[in-house]
Amino acid sequence: MTLSDLIPADVSTNTALAICAIAFISATARGFSGFGSALIFMPLASSMAAPRFVAALLLIIDFVGALPMLPAGWRHANCKATAVIVLGAVVGVPIGTWLLTRLDPVTTRWIISAFVAALLLLLLSGWRYRGRDHIPLSVGIGALSGFCSGLAQTGGPPIVGYWLGRPVASQIARANIVLFFAASDFFSVVSYTASGLMNREAILFSLLVGPLYAAGIGCGTLLFGRASEAVFRGICYALIAAAVIFGLPALDGVLRSG
């Protein structure tokens, strides 16, 4: 099997290389903070390839690339509290997946851009839920995150806003986030497979993009605890904002030809 066999027929070599670079950068954010890859990857990559294909690709590489983070996540996470939120994702993921299969690509891209912009504003606002724990609320947040994941693999901010506001150590909060997305990704794999989104082209292309994504997660994980969190998060937010702007369908003439 040659390198060209891994790249879909409707994706040029230059586009494939660009997607690989975006994957590495977004994965570095994921490895450091436990989230953020989709907020960078989806708007940009969706401007270069079909959103359904890009969402399936990200799901594959993120699910596999994040596996090394699971052992530490399992050791430090509050599994009982995380399981309650995961219940919501069981409902939210299929609904988001269904919508992804029904919308046309341009409409999907506008929704992705609007979603990511709104989620970025949520992150920048510094909002944290500091109220009491309630099972219905936890399930609801899990459902919202699952819906965003099913539609565009962008389920991070609702979960992050919830867990980082809880009176728990940052290491436990990060572990809860990692564990939740492992479960959410599993549900997405099942849902995408049942919907026909998990196709041969996405799997083959993931063999090319996946190693770079895994390397990015490794770099981000090494930075966790060593680099300034404030500076790194500032860089991540700037990258997300740039991804939203350059991923807008209105700018297709700049990023895509023909």
# chains A, B, ... in the order shown; residues from 1 in each chain; ligands from 1
call {"tool": "select_by_dssp", "arguments": {"residues": "segment 6-216 of chain A", "states": "helix (DSSP H, G or I)", "output": "VMD selection string"}}
result
chain A and resid 6 13 to 33 37 to 46 51 to 65 67 to 76 79 to 102 105 to 125 135 to 152 156 to 163 170 to 195 200 to 216
call {"tool": "closest_atom_pairs", "arguments": {"of": "segment 152-175 of chain A", "to": "segment 41-49 of chain A", "cutoff": "9 Å", "atoms": "only C-alpha atoms", "output": "JSON lines"}}
result
{"residue": "A:Ala152", "atom": "CA", "partner": "A:Met42", "partner_atom": "CA", "distance": 7.1}
{"residue": "A:Gln153", "atom": "CA", "partner": "A:Met42", "partner_atom": "CA", "distance": 7.8}
{"residue": "A:Thr154", "atom": "CA", "partner": "A:Met42", "partner_atom": "CA", "distance": 8.1}
call {"tool": "write_last_selection", "arguments": {"atoms": "N, CA, C and O atoms", "output": "CSV table (one decimal), in the first residue's frame"}}
result
chain,number,residue,atom,x,y,z
A,152,ALA,N,-20.3,17.3,15.6
A,152,ALA,CA,-19.0,17.9,15.1
A,152,ALA,C,-17.8,17.6,16.0
A,152,ALA,O,-16.8,18.2,15.9
A,153,GLN,N,-17.9,16.6,16.9
A,153,GLN,CA,-16.8,16.2,17.8
A,153,GLN,C,-16.3,17.4,18.6
A,153,GLN,O,-15.1,17.5,18.9
A,154,THR,N,-17.3,18.3,19.0
A,154,THR,CA,-16.9,19.5,19.7
A,154,THR,C,-17.5,19.5,21.1
A,154,THR,O,-18.1,20.6,21.6
call {"tool": "closest_atom_pairs", "arguments": {"of": "segment 155-250 of chain A", "to": "segment 1-25 of chain A", "cutoff": "6 Å", "atoms": "only C-alpha atoms", "output": "Markdown table"}}
result
| residue | atom | partner | partner_atom | distance |
| --- | --- | --- | --- | --- |
| A:Glu201 | CA | A:Pro8 | CA | 5.9 |
| A:Leu204 | CA | A:Leu6 | CA | 5.0 |
| A:Phe205 | CA | A:Leu6 | CA | 4.9 |
| A:Val209 | CA | A:Cys20 | CA | 5.2 |
| A:Leu212 | CA | A:Phe24 | CA | 5.4 |
| A:Tyr213 | CA | A:Phe24 | CA | 4.8 |
| A:Gly216 | CA | A:Phe24 | CA | 4.7 |
call {"tool": "closest_atom_pairs", "arguments": {"of": "segment 63-157 of chain A", "to": "segment 175-193 of chain A", "cutoff": "9 Å", "atoms": "only C-alpha atoms", "output": "CSV"}}
result
residue,atom,partner,partner_atom,distance
A:Phe63,CA,A:Asp185,CA,6.0
A:Ala66,CA,A:Ala182,CA,7.7
A:Leu67,CA,A:Ala182,CA,7.8
A:Met69,CA,A:Val178,CA,7.2
A:Leu70,CA,A:Leu179,CA,6.7
A:Ala72,CA,A:Ala175,CA,7.2
A:Gly73,CA,A:Ala175,CA,4.2
A:Trp74,CA,A:Leu179,CA,6.7
A:Arg75,CA,A:Ala175,CA,8.1
A:His76,CA,A:Ala175,CA,5.8
A:Ala77,CA,A:Ala175,CA,4.8
A:Asn78,CA,A:Asn176,CA,6.3
A:Cys79,CA,A:Asn176,CA,7.4
A:Ala81,CA,A:Asn176,CA,8.3
A:Thr82,CA,A:Asn176,CA,6.0
A:Ala83,CA,A:Phe180,CA,7.8
A:Ile85,CA,A:Phe180,CA,7.7
A:Val86,CA,A:Phe180,CA,6.3
A:Ala89,CA,A:Ser184,CA,6.2
A:Val90,CA,A:Phe187,CA,6.7
A:Val93,CA,A:Ser188,CA,6.1
A:Pro94,CA,A:Ser191,CA,5.8
A:Thr97,CA,A:Tyr192,CA,6.7
A:Trp98,CA,A:Ser191,CA,8.7
A:Gly142,CA,A:Phe180,CA,8.8
A:Ser145,CA,A:Ser184,CA,8.7
A:Gly146,CA,A:Ser184,CA,6.6
A:Ser149,CA,A:Ser188,CA,7.5
A:Gly150,CA,A:Ser188,CA,6.2
A:Gln153,CA,A:Asp185,CA,8.7
A:Gly155,CA,A:Phe181,CA,8.5
A:Gly156,CA,A:Ile177,CA,8.2
call {"tool": "closest_residue", "arguments": {"among": "A:Ile141, A:Gly96, A:Gly65, A:Leu58", "to": "Cys219 of chain A", "atoms": "only C-alpha atoms"}}
result
A:Gly65
call {"tool": "decode", "arguments": {"residues": "segment 158-180 of chain A", "atoms": "N, CA and C atoms", "output": "PDB file, in the first residue's frame"}}
result
ATOM      1  N   PRO A 158     -18.677  22.285  27.336  1.00  0.00           N
ATOM      2  CA  PRO A 158     -19.675  22.090  28.404  1.00  0.00           C
ATOM      3  C   PRO A 158     -19.145  21.250  29.561  1.00  0.00           C
ATOM      4  N   ILE A 159     -18.400  20.204  29.224  1.00  0.00           N
ATOM      5  CA  ILE A 159     -17.832  19.341  30.261  1.00  0.00           C
ATOM      6  C   ILE A 159     -16.747  20.064  31.036  1.00  0.00           C
ATOM      7  N   VAL A 160     -15.899  20.797  30.311  1.00  0.00           N
ATOM      8  CA  VAL A 160     -14.812  21.532  30.966  1.00  0.00           C
ATOM      9  C   VAL A 160     -15.373  22.602  31.897  1.00  0.00           C
ATOM     10  N   GLY A 161     -16.368  23.346  31.407  1.00  0.00           N
ATOM     11  CA  GLY A 161     -16.973  24.380  32.238  1.00  0.00           C
ATOM     12  C   GLY A 161     -17.591  23.817  33.503  1.00  0.00           C
ATOM     13  N   TYR A 162     -18.108  22.607  33.411  1.00  0.00           N
ATOM     14  CA  TYR A 162     -18.709  21.966  34.585  1.00  0.00           C
ATOM     15  C   TYR A 162     -17.640  21.452  35.546  1.00  0.00           C
ATOM     16  N   TRP A 163     -16.693  20.653  35.024  1.00  0.00           N
ATOM     17  CA  TRP A 163     -15.745  19.992  35.920  1.00  0.00           C
ATOM     18  C   TRP A 163     -14.745  20.945  36.549  1.00  0.00           C
ATOM     19  N   LEU A 164     -14.321  21.969  35.817  1.00  0.00           N
ATOM     20  CA  LEU A 164     -13.334  22.882  36.382  1.00  0.00           C
ATOM     21  C   LEU A 164     -13.940  23.802  37.439  1.00  0.00           C
ATOM     22  N   GLY A 165     -15.251  23.824  37.510  1.00  0.00           N
ATOM     23  CA  GLY A 165     -15.884  24.609  38.551  1.00  0.00           C
ATOM     24  C   GLY A 165     -16.184  23.824  39.814  1.00  0.00           C
ATOM     25  N   ARG A 166     -15.962  22.514  39.759  1.00  0.00           N
ATOM     26  CA  ARG A 166     -16.218  21.691  40.929  1.00  0.00           C
ATOM     27  C   ARG A 166     -15.084  21.833  41.937  1.00  0.00           C
ATOM     28  N   PRO A 167     -15.368  21.648  43.230  1.00  0.00           N
ATOM     29  CA  PRO A 167     -14.322  21.766  44.257  1.00  0.00           C
ATOM     30  C   PRO A 167     -13.451  20.509  44.317  1.00  0.00           C
ATOM     31  N   VAL A 168     -12.753  20.226  43.231  1.00  0.00           N
ATOM     32  CA  VAL A 168     -11.857  19.070  43.166  1.00  0.00           C
ATOM     33  C   VAL A 168     -10.517  19.535  42.616  1.00  0.00           C
ATOM     34  N   ALA A 169      -9.489  18.758  42.862  1.00  0.00           N
ATOM     35  CA  ALA A 169      -8.156  19.088  42.374  1.00  0.00           C
ATOM     36  C   ALA A 169      -8.140  19.094  40.850  1.00  0.00           C
ATOM     37  N   SER A 170      -7.278  19.941  40.249  1.00  0.00           N
ATOM     38  CA  SER A 170      -7.218  20.056  38.791  1.00  0.00           C
ATOM     39  C   SER A 170      -6.847  18.729  38.148  1.00  0.00           C
ATOM     40  N   GLN A 171      -6.021  17.930  38.842  1.00  0.00           N
ATOM     41  CA  GLN A 171      -5.626  16.632  38.298  1.00  0.00           C
ATOM     42  C   GLN A 171      -6.834  15.700  38.185  1.00  0.00           C
ATOM     43  N   ILE A 172      -7.719  15.745  39.186  1.00  0.00           N
ATOM     44  CA  ILE A 172      -8.918  14.911  39.162  1.00  0.00           C
ATOM     45  C   ILE A 172      -9.884  15.413  38.087  1.00  0.00           C
ATOM     46  N   ALA A 173     -10.036  16.741  37.992  1.00  0.00           N
ATOM     47  CA  ALA A 173     -10.931  17.311  36.982  1.00  0.00           C
ATOM     48  C   ALA A 173     -10.467  16.929  35.586  1.00  0.00           C
ATOM     49  N   ARG A 174      -9.167  17.033  35.340  1.00  0.00           N
ATOM     50  CA  ARG A 174      -8.620  16.679  34.022  1.00  0.00           C
ATOM     51  C   ARG A 174      -8.822  15.193  33.749  1.00  0.00           C
ATOM     52  N   ALA A 175      -8.638  14.356  34.770  1.00  0.00           N
ATOM     53  CA  ALA A 175      -8.831  12.917  34.606  1.00  0.00           C
ATOM     54  C   ALA A 175     -10.290  12.599  34.307  1.00  0.00           C
ATOM     55  N   ASN A 176     -11.210  13.301  34.962  1.00  0.00           N
ATOM     56  CA  ASN A 176     -12.637  13.101  34.683  1.00  0.00           C
ATOM     57  C   ASN A 176     -12.961  13.437  33.225  1.00  0.00           C
ATOM     58  N   ILE A 177     -12.368  14.527  32.739  1.00  0.00           N
ATOM     59  CA  ILE A 177     -12.591  14.954  31.359  1.00  0.00           C
ATOM     60  C   ILE A 177     -12.073  13.901  30.385  1.00  0.00           C
ATOM     61  N   VAL A 178     -10.865  13.416  30.645  1.00  0.00           N
ATOM     62  CA  VAL A 178     -10.260  12.397  29.778  1.00  0.00           C
ATOM     63  C   VAL A 178     -11.117  11.131  29.757  1.00  0.00           C
ATOM     64  N   LEU A 179     -11.581  10.720  30.933  1.00  0.00           N
ATOM     65  CA  LEU A 179     -12.375   9.494  31.031  1.00  0.00           C
ATOM     66  C   LEU A 179     -13.731   9.658  30.343  1.00  0.00           C
ATOM     67  N   PHE A 180     -14.337  10.824  30.508  1.00  0.00           N
ATOM     68  CA  PHE A 180     -15.618  11.063  29.857  1.00  0.00           C
ATOM     69  C   PHE A 180     -15.486  10.957  28.346  1.00  0.00           C
TER      70      PHE A 180
END
